[in-house]
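Below is run35.cif, holding mmCIF, C-alpha atoms.
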data_target
loop_
_atom_site.group_PDB
_atom_site.id
_atom_site.type_symbol
_atom_site.label_atom_id
_atom_site.label_comp_id
_atom_site.auth_asym_id
_atom_site.auth_seq_id
_atom_site.Cartn_x
_atom_site.Cartn_y
_atom_site.Cartn_z
ATOM 1 C CA MET A 212 87.698 141.655 114.396
ATOM 2 C CA LYS A 213 90.705 140.129 112.636
ATOM 3 C CA ILE A 214 93.981 141.327 114.068
ATOM 4 C CA LEU A 215 96.550 142.521 111.563
ATOM 5 C CA SER A 216 98.699 139.360 111.633
ATOM 6 C CA GLU A 217 95.687 137.235 110.689
ATOM 7 C CA TRP A 218 94.750 139.617 107.853
ATOM 8 C CA GLN A 219 98.347 139.546 106.606
ATOM 9 C CA GLN A 220 98.539 135.739 106.690
ATOM 10 C CA GLN A 221 95.496 135.519 104.428
ATOM 11 C CA GLY A 222 97.022 137.798 101.802
ATOM 12 C CA ARG A 223 100.140 137.732 99.664
ATOM 13 C CA PHE A 224 102.657 140.056 98.084
ATOM 14 C CA GLU A 225 102.615 140.626 94.336
ATOM 15 C CA SER A 226 105.267 142.364 92.288
ATOM 16 C CA ILE A 227 103.344 145.097 90.460
ATOM 17 C CA ASN A 228 105.121 147.840 88.491
ATOM 18 C CA GLY A 229 108.367 146.843 90.200
ATOM 19 C CA GLN A 230 107.000 147.230 93.730
ATOM 20 C CA GLN A 231 105.953 144.718 96.369
ATOM 21 C CA ILE A 232 102.229 145.238 96.866
ATOM 22 C CA PHE A 233 100.208 143.476 99.560
ATOM 23 C CA THR A 234 97.087 141.915 98.037
ATOM 24 C CA ARG A 235 94.170 139.837 99.156
ATOM 25 C CA GLN A 236 91.362 138.033 97.396
ATOM 26 C CA ALA A 237 88.638 135.623 98.427
ATOM 27 C CA GLY A 238 85.287 134.275 97.293
ATOM 28 C CA ASP A 239 84.120 132.332 94.257
ATOM 29 C CA LYS A 240 86.260 133.233 91.231
ATOM 30 C CA ASN A 241 83.199 132.769 89.031
ATOM 31 C CA ALA A 242 81.205 135.348 90.995
ATOM 32 C CA PRO A 243 81.206 139.030 89.953
ATOM 33 C CA ALA A 244 84.547 140.651 90.767
ATOM 34 C CA LEU A 245 84.556 143.438 93.367
ATOM 35 C CA LEU A 246 87.612 145.662 93.862
ATOM 36 C CA LEU A 247 87.860 147.367 97.273
ATOM 37 C CA ILE A 248 90.020 150.525 97.307
ATOM 38 C CA HIS A 249 91.028 151.924 100.720
ATOM 39 C CA GLY A 250 91.603 155.462 101.984
ATOM 40 C CA PHE A 251 94.324 157.684 103.482
ATOM 41 C CA PRO A 252 96.279 157.045 105.653
ATOM 42 C CA SER A 253 95.141 153.476 106.260
ATOM 43 C CA ALA A 254 95.077 150.294 104.159
ATOM 44 C CA SER A 255 92.986 147.381 102.891
ATOM 45 C CA TRP A 256 92.445 146.199 106.476
ATOM 46 C CA ASP A 257 89.754 148.919 106.623
ATOM 47 C CA TRP A 258 87.467 146.430 104.831
ATOM 48 C CA GLU A 259 88.041 143.686 107.399
ATOM 49 C CA GLY A 260 84.590 144.028 108.978
ATOM 50 C CA MET A 261 82.798 143.743 105.617
ATOM 51 C CA TRP A 262 85.103 141.091 104.136
ATOM 52 C CA ASP A 263 83.498 137.811 105.178
ATOM 53 C CA GLU A 264 79.993 138.831 104.123
ATOM 54 C CA LEU A 265 81.100 140.345 100.810
ATOM 55 C CA THR A 266 83.055 137.197 99.915
ATOM 56 C CA GLN A 267 79.824 135.190 100.239
ATOM 57 C CA HIS A 268 78.455 137.113 97.243
ATOM 58 C CA TYR A 269 81.427 138.261 95.144
ATOM 59 C CA TYR A 270 85.006 137.494 94.175
ATOM 60 C CA VAL A 271 86.514 140.196 96.375
ATOM 61 C CA ILE A 272 89.901 141.732 95.581
ATOM 62 C CA THR A 273 91.852 144.342 97.474
ATOM 63 C CA LEU A 274 95.377 145.675 97.936
ATOM 64 C CA ASP A 275 97.399 148.125 99.984
ATOM 65 C CA MET A 276 98.250 150.875 97.535
ATOM 66 C CA LEU A 277 101.839 152.026 97.068
ATOM 67 C CA GLY A 278 102.981 153.894 100.184
ATOM 68 C CA PHE A 279 100.257 152.385 102.372
ATOM 69 C CA GLY A 280 99.852 149.531 104.834
ATOM 70 C CA LEU A 281 102.050 146.503 104.213
ATOM 71 C CA SER A 282 103.102 147.502 100.673
ATOM 72 C CA ASP A 283 106.383 149.121 99.639
ATOM 73 C CA LYS A 284 106.775 152.777 100.630
ATOM 74 C CA PRO A 285 109.612 154.109 98.436
ATOM 75 C CA GLN A 286 110.747 157.586 99.463
ATOM 76 C CA ASN A 287 111.470 158.651 95.889
ATOM 77 C CA ALA A 288 108.021 157.819 94.422
ATOM 78 C CA ARG A 289 105.703 160.602 93.230
ATOM 79 C CA TYR A 290 102.541 158.894 94.493
ATOM 80 C CA LEU A 291 100.315 160.059 91.664
ATOM 81 C CA ILE A 292 96.700 158.924 91.695
ATOM 82 C CA SER A 293 97.223 157.755 88.103
ATOM 83 C CA GLN A 294 100.041 155.439 89.310
ATOM 84 C CA GLN A 295 97.767 153.940 91.971
ATOM 85 C CA ALA A 296 95.102 153.383 89.284
ATOM 86 C CA ASP A 297 97.731 151.640 87.114
ATOM 87 C CA ILE A 298 98.609 149.325 90.028
ATOM 88 C CA CYS A 299 94.934 148.406 90.504
ATOM 89 C CA GLN A 300 94.471 147.714 86.798
ATOM 90 C CA ASN A 301 97.684 145.692 86.534
ATOM 91 C CA PHE A 302 96.654 143.549 89.490
ATOM 92 C CA LEU A 303 93.265 142.877 87.900
ATOM 93 C CA HIS A 304 95.082 141.966 84.656
ATOM 94 C CA LYS A 305 97.222 139.477 86.589
ATOM 95 C CA LEU A 306 94.048 137.882 87.938
ATOM 96 C CA GLY A 307 92.549 137.698 84.440
ATOM 97 C CA ILE A 308 89.674 140.035 85.316
ATOM 98 C CA SER A 309 88.191 142.318 82.682
ATOM 99 C CA ASP A 310 84.788 143.228 84.219
ATOM 100 C CA TYR A 311 84.579 144.398 87.803
ATOM 101 C CA HIS A 312 82.701 146.496 90.352
ATOM 102 C CA ILE A 313 84.347 149.070 92.664
ATOM 103 C CA LEU A 314 83.713 149.892 96.321
ATOM 104 C CA ALA A 315 85.982 152.758 97.418
ATOM 105 C CA HIS A 316 86.646 155.050 100.364
ATOM 106 C CA ASP A 317 88.396 158.409 100.799
ATOM 107 C CA TYR A 318 91.700 158.400 98.798
ATOM 108 C CA GLY A 319 90.349 155.279 97.111
ATOM 109 C CA ASP A 320 87.400 157.343 95.825
ATOM 110 C CA THR A 321 89.866 159.461 93.872
ATOM 111 C CA VAL A 322 91.569 156.366 92.436
ATOM 112 C CA ALA A 323 88.118 155.053 91.483
ATOM 113 C CA GLN A 324 87.320 158.383 89.809
ATOM 114 C CA GLU A 325 90.486 158.054 87.701
ATOM 115 C CA LEU A 326 89.589 154.460 86.749
ATOM 116 C CA LEU A 327 86.085 155.614 85.830
ATOM 117 C CA ALA A 328 87.502 158.549 83.831
ATOM 118 C CA ARG A 329 89.569 156.078 81.777
ATOM 119 C CA GLN A 330 86.381 154.194 80.988
ATOM 120 C CA VAL A 331 84.500 157.390 80.089
ATOM 121 C CA ASP A 332 87.258 158.578 77.719
ATOM 122 C CA GLY A 333 87.687 155.118 76.205
ATOM 123 C CA SER A 334 91.327 154.668 77.243
ATOM 124 C CA GLY A 335 90.761 151.659 79.518
ATOM 125 C CA ASP A 336 90.632 148.079 78.245
ATOM 126 C CA MET A 337 88.637 146.875 81.254
ATOM 127 C CA HIS A 338 85.001 147.407 82.100
ATOM 128 C CA ILE A 339 83.745 148.840 85.382
ATOM 129 C CA VAL A 340 80.208 147.553 85.950
ATOM 130 C CA SER A 341 79.314 149.761 88.936
ATOM 131 C CA VAL A 342 80.940 152.110 91.450
ATOM 132 C CA CYS A 343 80.070 152.746 95.085
ATOM 133 C CA PHE A 344 81.780 155.610 96.908
ATOM 134 C CA LEU A 345 82.035 155.985 100.685
ATOM 135 C CA ASN A 346 83.086 159.223 102.415
ATOM 136 C CA GLY A 347 85.817 160.993 100.505
ATOM 137 C CA GLY A 348 86.828 164.215 98.776
ATOM 138 C CA LEU A 349 84.933 163.654 95.544
ATOM 139 C CA PHE A 350 84.810 167.427 95.052
ATOM 140 C CA PRO A 351 87.895 169.431 96.060
ATOM 141 C CA GLU A 352 85.708 172.434 96.894
ATOM 142 C CA THR A 353 83.887 170.568 99.687
ATOM 143 C CA HIS A 354 86.902 168.726 101.113
ATOM 144 C CA LYS A 355 87.768 170.075 104.580
ATOM 145 C CA PRO A 356 91.221 168.751 105.505
ATOM 146 C CA VAL A 357 92.033 168.483 109.203
ATOM 147 C CA LEU A 358 94.923 170.526 110.606
ATOM 148 C CA ALA A 359 97.372 167.603 110.399
ATOM 149 C CA GLN A 360 96.654 167.272 106.658
ATOM 150 C CA LYS A 361 97.159 171.005 106.098
ATOM 151 C CA LEU A 362 100.496 170.877 107.932
ATOM 152 C CA LEU A 363 101.622 167.846 105.922
ATOM 153 C CA LEU A 364 100.854 169.787 102.734
ATOM 154 C CA SER A 365 102.904 172.781 103.885
ATOM 155 C CA PRO A 366 106.685 173.218 103.447
ATOM 156 C CA LEU A 367 106.931 171.799 106.980
ATOM 157 C CA GLY A 368 105.456 168.488 105.730
ATOM 158 C CA PRO A 369 108.603 166.316 106.063
ATOM 159 C CA LEU A 370 109.159 167.606 109.611
ATOM 160 C CA ILE A 371 105.499 167.221 110.609
ATOM 161 C CA SER A 372 105.443 163.591 109.470
ATOM 162 C CA LYS A 373 108.377 162.860 111.801
ATOM 163 C CA LEU A 374 106.494 164.408 114.741
ATOM 164 C CA ILE A 375 103.373 162.280 114.397
ATOM 165 C CA ASN A 376 103.035 159.876 117.311
ATOM 166 C CA LYS A 377 100.420 157.320 118.259
ATOM 167 C CA GLN A 378 98.625 159.641 120.669
ATOM 168 C CA LYS A 379 98.297 162.433 118.082
ATOM 169 C CA PHE A 380 97.174 159.889 115.510
ATOM 170 C CA ALA A 381 94.521 158.504 117.891
ATOM 171 C CA THR A 382 93.261 162.014 118.675
ATOM 172 C CA ASN A 383 92.877 162.784 114.960
ATOM 173 C CA LEU A 384 91.014 159.513 114.369
ATOM 174 C CA GLN A 385 88.638 160.254 117.236
ATOM 175 C CA ARG A 386 87.801 163.616 115.675
ATOM 176 C CA ILE A 387 86.749 162.124 112.352
ATOM 177 C CA PHE A 388 84.804 159.058 113.525
ATOM 178 C CA GLY A 389 81.129 159.540 114.432
ATOM 179 C CA PRO A 390 80.592 160.650 118.066
ATOM 180 C CA ALA A 391 78.547 157.502 118.766
ATOM 181 C CA THR A 392 81.011 155.154 117.002
ATOM 182 C CA PRO A 393 84.530 156.103 118.168
ATOM 183 C CA PRO A 394 87.535 154.001 117.171
ATOM 184 C CA THR A 395 88.306 151.202 119.635
ATOM 185 C CA PRO A 396 91.839 150.818 121.048
ATOM 186 C CA GLU A 397 92.208 147.746 118.767
ATOM 187 C CA VAL A 398 91.359 149.785 115.666
ATOM 188 C CA ILE A 399 93.807 152.524 116.675
ATOM 189 C CA ASP A 400 96.526 149.887 117.269
ATOM 190 C CA VAL A 401 96.073 148.260 113.870
ATOM 191 C CA LEU A 402 95.881 151.511 111.907
ATOM 192 C CA TRP A 403 99.012 152.798 113.703
ATOM 193 C CA GLN A 404 100.884 149.552 112.908
ATOM 194 C CA LEU A 405 99.900 149.890 109.234
ATOM 195 C CA LEU A 406 100.904 153.546 109.117
ATOM 196 C CA THR A 407 104.336 153.017 110.670
ATOM 197 C CA HIS A 408 105.164 149.741 108.846
ATOM 198 C CA ASN A 409 108.096 150.060 106.389
ATOM 199 C CA SER A 410 108.915 153.600 107.693
ATOM 200 C CA GLY A 411 105.531 154.808 106.484
ATOM 201 C CA LEU A 412 105.650 158.138 108.308
ATOM 202 C CA ALA A 413 108.540 159.181 106.059
ATOM 203 C CA VAL A 414 106.269 159.278 102.979
ATOM 204 C CA MET A 415 103.172 160.849 104.576
ATOM 205 C CA HIS A 416 103.990 164.309 103.207
ATOM 206 C CA LYS A 417 104.266 162.808 99.712
ATOM 207 C CA LEU A 418 101.063 160.774 99.910
ATOM 208 C CA ILE A 419 99.097 163.866 100.964
ATOM 209 C CA ASN A 420 99.821 165.302 97.518
ATOM 210 C CA TYR A 421 96.534 163.695 96.430
ATOM 211 C CA ILE A 422 94.767 166.837 97.730
ATOM 212 C CA PRO A 423 96.327 169.230 95.153
ATOM 213 C CA GLN A 424 95.954 166.509 92.503
ATOM 214 C CA ARG A 425 92.184 166.587 93.122
ATOM 215 C CA LYS A 426 92.131 170.307 92.319
ATOM 216 C CA GLN A 427 94.345 169.855 89.273
ATOM 217 C CA HIS A 428 92.162 167.097 87.796
ATOM 218 C CA ARG A 429 88.777 168.222 89.128
ATOM 219 C CA GLU A 430 87.128 168.463 85.712
ATOM 220 C CA ARG A 431 88.257 164.963 84.727
ATOM 221 C CA TRP A 432 87.419 163.286 88.027
ATOM 222 C CA VAL A 433 84.095 164.985 88.774
ATOM 223 C CA GLY A 434 83.194 164.640 85.090
ATOM 224 C CA ALA A 435 83.806 160.891 85.365
ATOM 225 C CA ILE A 436 80.911 160.594 87.847
ATOM 226 C CA ILE A 437 78.611 162.941 85.922
ATOM 227 C CA ASN A 438 79.313 161.302 82.541
ATOM 228 C CA SER A 439 79.396 157.698 83.688
ATOM 229 C CA THR A 440 76.970 155.317 82.001
ATOM 230 C CA VAL A 441 77.258 152.711 84.777
ATOM 231 C CA PRO A 442 75.391 152.786 88.115
ATOM 232 C CA VAL A 443 77.114 154.998 90.694
ATOM 233 C CA LYS A 444 76.168 155.053 94.373
ATOM 234 C CA LEU A 445 77.217 157.147 97.383
ATOM 235 C CA ILE A 446 76.893 155.672 100.892
ATOM 236 C CA ALA A 447 78.223 158.193 103.375
ATOM 237 C CA GLY A 448 78.415 158.991 107.074
ATOM 238 C CA ALA A 449 76.916 162.446 107.728
ATOM 239 C CA LYS A 450 78.943 163.106 110.897
ATOM 240 C CA ASP A 451 82.253 163.196 109.026
ATOM 241 C CA PRO A 452 83.921 166.635 109.468
ATOM 242 C CA ILE A 453 86.112 166.074 106.383
ATOM 243 C CA SER A 454 83.565 164.896 103.808
ATOM 244 C CA GLY A 455 80.236 164.408 105.579
ATOM 245 C CA GLN A 456 76.875 166.161 105.187
ATOM 246 C CA HIS A 457 78.361 169.118 103.263
ATOM 247 C CA MET A 458 79.875 166.727 100.696
ATOM 248 C CA ILE A 459 76.629 164.727 100.479
ATOM 249 C CA ASP A 460 74.695 167.958 99.794
ATOM 250 C CA ASN A 461 77.126 168.940 97.040
ATOM 251 C CA TYR A 462 76.923 165.451 95.502
ATOM 252 C CA ARG A 463 73.132 165.756 95.386
ATOM 253 C CA LYS A 464 73.439 169.160 93.706
ATOM 254 C CA LEU A 465 76.054 168.199 91.086
ATOM 255 C CA ILE A 466 75.303 164.602 90.151
ATOM 256 C CA PRO A 467 72.232 163.949 87.973
ATOM 257 C CA ASN A 468 69.791 161.385 89.500
ATOM 258 C CA ALA A 469 72.111 161.029 92.503
ATOM 259 C CA ASN A 470 71.741 157.650 94.239
ATOM 260 C CA ILE A 471 72.637 158.310 97.892
ATOM 261 C CA THR A 472 72.246 156.491 101.190
ATOM 262 C CA VAL A 473 73.042 158.717 104.176
ATOM 263 C CA MET A 474 74.215 157.160 107.435
ATOM 264 C CA PRO A 475 73.191 159.925 109.870
ATOM 265 C CA GLU A 476 75.271 158.800 112.877
ATOM 266 C CA LEU A 477 78.453 157.605 111.164
ATOM 267 C CA GLY A 478 81.644 159.542 110.496
ATOM 268 C CA HIS A 479 84.564 159.359 108.083
ATOM 269 C CA TYR A 480 85.231 155.602 108.392
ATOM 270 C CA PRO A 481 81.693 154.172 108.083
ATOM 271 C CA GLN A 482 82.921 150.705 107.078
ATOM 272 C CA ILE A 483 84.909 150.433 110.330
ATOM 273 C CA GLU A 484 82.348 152.224 112.499
ATOM 274 C CA ASP A 485 79.421 149.982 111.502
ATOM 275 C CA ALA A 486 80.530 147.281 109.084
ATOM 276 C CA ALA A 487 77.253 145.302 109.206
ATOM 277 C CA THR A 488 75.064 148.295 108.292
ATOM 278 C CA MET A 489 77.443 149.366 105.523
ATOM 279 C CA THR A 490 77.557 145.836 104.086
ATOM 280 C CA ALA A 491 73.754 145.664 104.069
ATOM 281 C CA ALA A 492 73.550 149.039 102.300
ATOM 282 C CA TYR A 493 76.089 147.944 99.687
ATOM 283 C CA LEU A 494 74.313 144.628 99.048
ATOM 284 C CA GLN A 495 71.027 146.514 98.676
ATOM 285 C CA PHE A 496 72.632 148.713 95.990
ATOM 286 C CA ARG A 497 74.010 145.691 94.131
ATOM 287 C CA ASN A 498 70.691 143.847 94.306
ATOM 288 C CA SER A 499 68.911 146.914 92.931
ATOM 289 C CA ILE A 500 71.064 146.981 89.785
ATOM 290 C CA GLY A 501 70.803 143.240 89.134
#

Step by step, read the file and then write its structure as structure tokens.
Amino acid sequence: MKILSEWQQQGRFESINGQQIFTRQAGDKNAPALLLIHGFPSASWDWEGMWDELTQHYYVITLDMLGFGLSDKPQNARYLISQQADICQNFLHKLGISDYHILAHDYGDTVAQELLARQVDGSGDMHIVSVCFLNGGLFPETHKPVLAQKLLLSPLGPLISKLINKQKFATNLQRIFGPATPPTPEVIDVLWQLLTHNSGLAVMHKLINYIPQRKQHRERWVGAIINSTVPVKLIAGAKDPISGQHMIDNYRKLIPNANITVMPELGHYPQIEDAATMTAAYLQFRNSIG
């Protein structure tokens, strides 16, 4: 496992939409481009276990979204999903990429849904070739936020974010990982460092606003998956209390010809819990679509 300092050294900061955004890319620039979009409340380091293998096959690109990880965390930002999608697109523009694949998790699923919606409605000037979702609240009606998320969403949100400490954070992580694949002390350390970097706790109650945004834009974002003409895949851990088996069942019900791989023993962070198995499942999907 790469420690955070090593991950940081291999990336760089880009000025995107007037903010300093931590970015990373590796692999053959002539290979198909793959954008990795992380979840809440973590950062691009989540992909660390899959990184080396993916870069053998693709030109892999990732970033810490605004308010996350090593990127800027302005306290006056609105943290709209549409703004995060703009940052992703602008970074791809900077790299000269017009066709790309997406692998996304959690909050990143919602950003991917917005990017896909732009393609479906014809407003995007880039082409998504395929999308793979990991565990996340693809459907607001099946998303089961944990107590800490509910409190952050409440009027007490700014106070709650100040009260979060490493022990509480670790306890919450342990609840959402699979019982057989709990987070190691190293994983907890890195995710806590990323969360608290640049006074990150101070914007937690603003970042959590993605949950009401999912309800507000449900038709657009769920419609993006249903109406997409490109291959869409779900690879998900069933033991996730937030978006596990119940979300998988709803996906199967709502999405025509649903392409799903269920990981029966994994939880909410399948790419951290078992990076090798998740990488193999993703490569299998990509090989199946040519």

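Of the residues listed (A:Asn438, A:Ser334, A:Ser226, A:Asn241), A:Asn241 shows the shortest atom-to-atom separation from Tyr311 of chain A; distances use only C-alpha atoms.
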
Which residues match the PyMOL selection byres ((chain A and resi 347) around 7) in the file above, as a short mmCIF file (atom, residue, chain, number, x, y, z; two decimals) with C-alpha atoms, keeping the file's coordinate frame?
data_model
loop_
_atom_site.label_atom_id
_atom_site.label_comp_id
_atom_site.auth_asym_id
_atom_site.auth_seq_id
_atom_site.Cartn_x
_atom_site.Cartn_y
_atom_site.Cartn_z
CA HIS A 316 86.65 155.05 100.36
CA ASP A 317 88.40 158.41 100.80
CA TYR A 318 91.70 158.40 98.80
CA ASP A 320 87.40 157.34 95.82
CA LEU A 345 82.04 155.99 100.68
CA ASN A 346 83.09 159.22 102.42
CA GLY A 348 86.83 164.22 98.78
CA LEU A 349 84.93 163.65 95.54
CA SER A 454 83.56 164.90 103.81
#

Applying the PyMOL selection byres ((chain A and resi 363) around 12) to the file I just gave you, which residues come out? Please list them as a PDB file with C-alpha atoms, in the coordinates of the input.
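result.pdb was written with the following content:
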ATOM      1  CA  PRO A 356      91.221 168.751 105.505  1.00  0.00           C
ATOM      2  CA  VAL A 357      92.033 168.483 109.203  1.00  0.00           C
ATOM      3  CA  LEU A 358      94.923 170.526 110.606  1.00  0.00           C
ATOM      4  CA  ALA A 359      97.372 167.603 110.399  1.00  0.00           C
ATOM      5  CA  GLN A 360      96.654 167.272 106.658  1.00  0.00           C
ATOM      6  CA  LYS A 361      97.159 171.005 106.098  1.00  0.00           C
ATOM      7  CA  LEU A 362     100.496 170.877 107.932  1.00  0.00           C
ATOM      8  CA  LEU A 364     100.854 169.787 102.734  1.00  0.00           C
ATOM      9  CA  SER A 365     102.904 172.781 103.885  1.00  0.00           C
ATOM     10  CA  PRO A 366     106.685 173.218 103.447  1.00  0.00           C
ATOM     11  CA  LEU A 367     106.931 171.799 106.980  1.00  0.00           C
ATOM     12  CA  GLY A 368     105.456 168.488 105.730  1.00  0.00           C
ATOM     13  CA  PRO A 369     108.603 166.316 106.063  1.00  0.00           C
ATOM     14  CA  LEU A 370     109.159 167.606 109.611  1.00  0.00           C
ATOM     15  CA  ILE A 371     105.499 167.221 110.609  1.00  0.00           C
ATOM     16  CA  SER A 372     105.443 163.591 109.470  1.00  0.00           C
ATOM     17  CA  LYS A 373     108.377 162.860 111.801  1.00  0.00           C
ATOM     18  CA  LEU A 374     106.494 164.408 114.741  1.00  0.00           C
ATOM     19  CA  ILE A 375     103.373 162.280 114.397  1.00  0.00           C
ATOM     20  CA  LEU A 412     105.650 158.138 108.308  1.00  0.00           C
ATOM     21  CA  ALA A 413     108.540 159.181 106.059  1.00  0.00           C
ATOM     22  CA  VAL A 414     106.269 159.278 102.979  1.00  0.00           C
ATOM     23  CA  MET A 415     103.172 160.849 104.576  1.00  0.00           C
ATOM     24  CA  HIS A 416     103.990 164.309 103.207  1.00  0.00           C
ATOM     25  CA  LYS A 417     104.266 162.808  99.712  1.00  0.00           C
ATOM     26  CA  LEU A 418     101.063 160.774  99.910  1.00  0.00           C
ATOM     27  CA  ILE A 419      99.097 163.866 100.964  1.00  0.00           C
ATOM     28  CA  ASN A 420      99.821 165.302  97.518  1.00  0.00           C
ATOM     29  CA  TYR A 421      96.534 163.695  96.430  1.00  0.00           C
ATOM     30  CA  ILE A 422      94.767 166.837  97.730  1.00  0.00           C
TER      31      ILE A 422
END

Name the residues in contact with Pro396 of chain A at a cut-off of 9 Å, using all atoms listed in the file, excluding same-chain residues fewer than 4 positions from it; report them as a ChimeraX atom specification. /A:381,400-401

Resulting file, chosen residues, C-alpha atoms, as a tab-separated table (two decimals), keeping the file's coordinate frame:
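Generated output (out.tsv):
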chain	number	residue	atom	x	y	z
A	381	ALA	CA	94.52	158.50	117.89
A	400	ASP	CA	96.53	149.89	117.27
A	401	VAL	CA	96.07	148.26	113.87

List as an MDAnalysis selection string: which residues have an atom within 12 Å of (108.7, 156.3, 91.0), counting only C-alpha atoms? chainID A and resid 228:230 277:278 283:291 293:295 417

If you take only C-alpha atoms and a cut-off of 7 Å, which residues of segment 226-333 of chain A touch segment 478-491 of chain A, and what are their nearest atom pairs and distances in Å to one decimal, in chain and number order, as JSON lines?
{"residue": "A:Asp257", "atom": "CA", "partner": "A:Ile483", "partner_atom": "CA", "distance": 6.3}
{"residue": "A:Trp258", "atom": "CA", "partner": "A:Gln482", "partner_atom": "CA", "distance": 6.6}
{"residue": "A:Gly260", "atom": "CA", "partner": "A:Ala486", "partner_atom": "CA", "distance": 5.2}
{"residue": "A:Met261", "atom": "CA", "partner": "A:Ala486", "partner_atom": "CA", "distance": 5.4}

Taking the file as shown, what set of residues would the PyMOL selection byres ((chain A and resi 298-308) around 10) give back, as a PyMOL selection string? chain A and resi 225-228+230+232+234+236+240+243-244+246-248+272-277+292-297+309-311+322-323+326+335-338

I need the residue nearest Gly455 of chain A from this list: A:Leu314, A:Ile387, A:Cys343, A:Leu406. Use only C-alpha atoms for the distance.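 Closest residue, counting only C-alpha atoms: A:Ile387.
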
To one decimal place, how far is atom CA of Leu494 of chain A from atom CA of Ala242 of chain A in Å? 14.1 Å

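Compared by their closest atoms to Pro467 of chain A, and using all atoms listed in the file, the residues A:Lys355, A:His428, A:His408, A:Lys444 rank with A:Lys444 nearest.
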
Is it possible to dump segment 420-470 of chain A as a short mmCIF file (atom, residue, chain, number, x, y, z; two decimals), in the first residue's frame, including just C-alpha atoms?
data_model
loop_
_atom_site.label_atom_id
_atom_site.label_comp_id
_atom_site.auth_asym_id
_atom_site.auth_seq_id
_atom_site.Cartn_x
_atom_site.Cartn_y
_atom_site.Cartn_z
CA ASN A 420 -25.37 18.63 0.41
CA TYR A 421 -24.94 16.08 -2.40
CA ILE A 422 -27.67 14.00 -0.70
CA PRO A 423 -30.49 16.55 -1.25
CA GLN A 424 -29.06 17.28 -4.71
CA ARG A 425 -29.63 13.61 -5.59
CA LYS A 426 -33.32 13.98 -4.74
CA GLN A 427 -33.60 17.27 -6.61
CA HIS A 428 -32.05 15.86 -9.80
CA ARG A 429 -33.24 12.25 -9.51
CA GLU A 430 -35.03 12.22 -12.86
CA ARG A 431 -31.99 13.58 -14.70
CA TRP A 432 -29.41 11.39 -12.98
CA VAL A 433 -31.33 8.10 -12.92
CA GLY A 434 -32.54 8.84 -16.45
CA ALA A 435 -28.91 9.20 -17.54
CA ILE A 436 -28.28 5.52 -16.71
CA ILE A 437 -31.57 4.30 -18.20
CA ASN A 438 -31.18 6.34 -21.41
CA SER A 439 -27.47 5.85 -21.92
CA THR A 440 -26.39 4.32 -25.22
CA VAL A 441 -22.94 3.35 -23.90
CA PRO A 442 -22.14 0.25 -21.81
CA VAL A 443 -22.88 0.76 -18.11
CA LYS A 444 -21.76 -1.66 -15.40
CA LEU A 445 -22.36 -1.94 -11.64
CA ILE A 446 -19.79 -3.76 -9.47
CA ALA A 447 -20.92 -3.56 -5.87
CA GLY A 448 -20.25 -4.94 -2.40
CA ALA A 449 -23.45 -6.50 -1.00
CA LYS A 450 -22.49 -5.99 2.67
CA ASP A 451 -22.62 -2.20 2.41
CA PRO A 452 -25.27 -0.81 4.83
CA ILE A 453 -25.47 2.47 2.87
CA SER A 454 -25.83 1.24 -0.71
CA GLY A 455 -25.38 -2.54 -0.71
CA GLN A 456 -27.77 -5.38 -1.58
CA HIS A 457 -30.88 -3.16 -1.38
CA MET A 458 -29.35 -0.75 -3.93
CA ILE A 459 -28.24 -3.63 -6.16
CA ASP A 460 -31.80 -5.03 -6.12
CA ASN A 461 -33.24 -1.64 -7.08
CA TYR A 462 -30.67 -1.24 -9.87
CA ARG A 463 -31.72 -4.62 -11.27
CA LYS A 464 -35.37 -3.55 -11.14
CA LEU A 465 -34.95 -0.09 -12.72
CA ILE A 466 -32.17 -0.45 -15.27
CA PRO A 467 -32.97 -2.32 -18.50
CA ASN A 468 -30.54 -5.23 -19.22
CA ALA A 469 -28.67 -4.41 -16.01
CA ASN A 470 -25.03 -5.56 -16.11
#
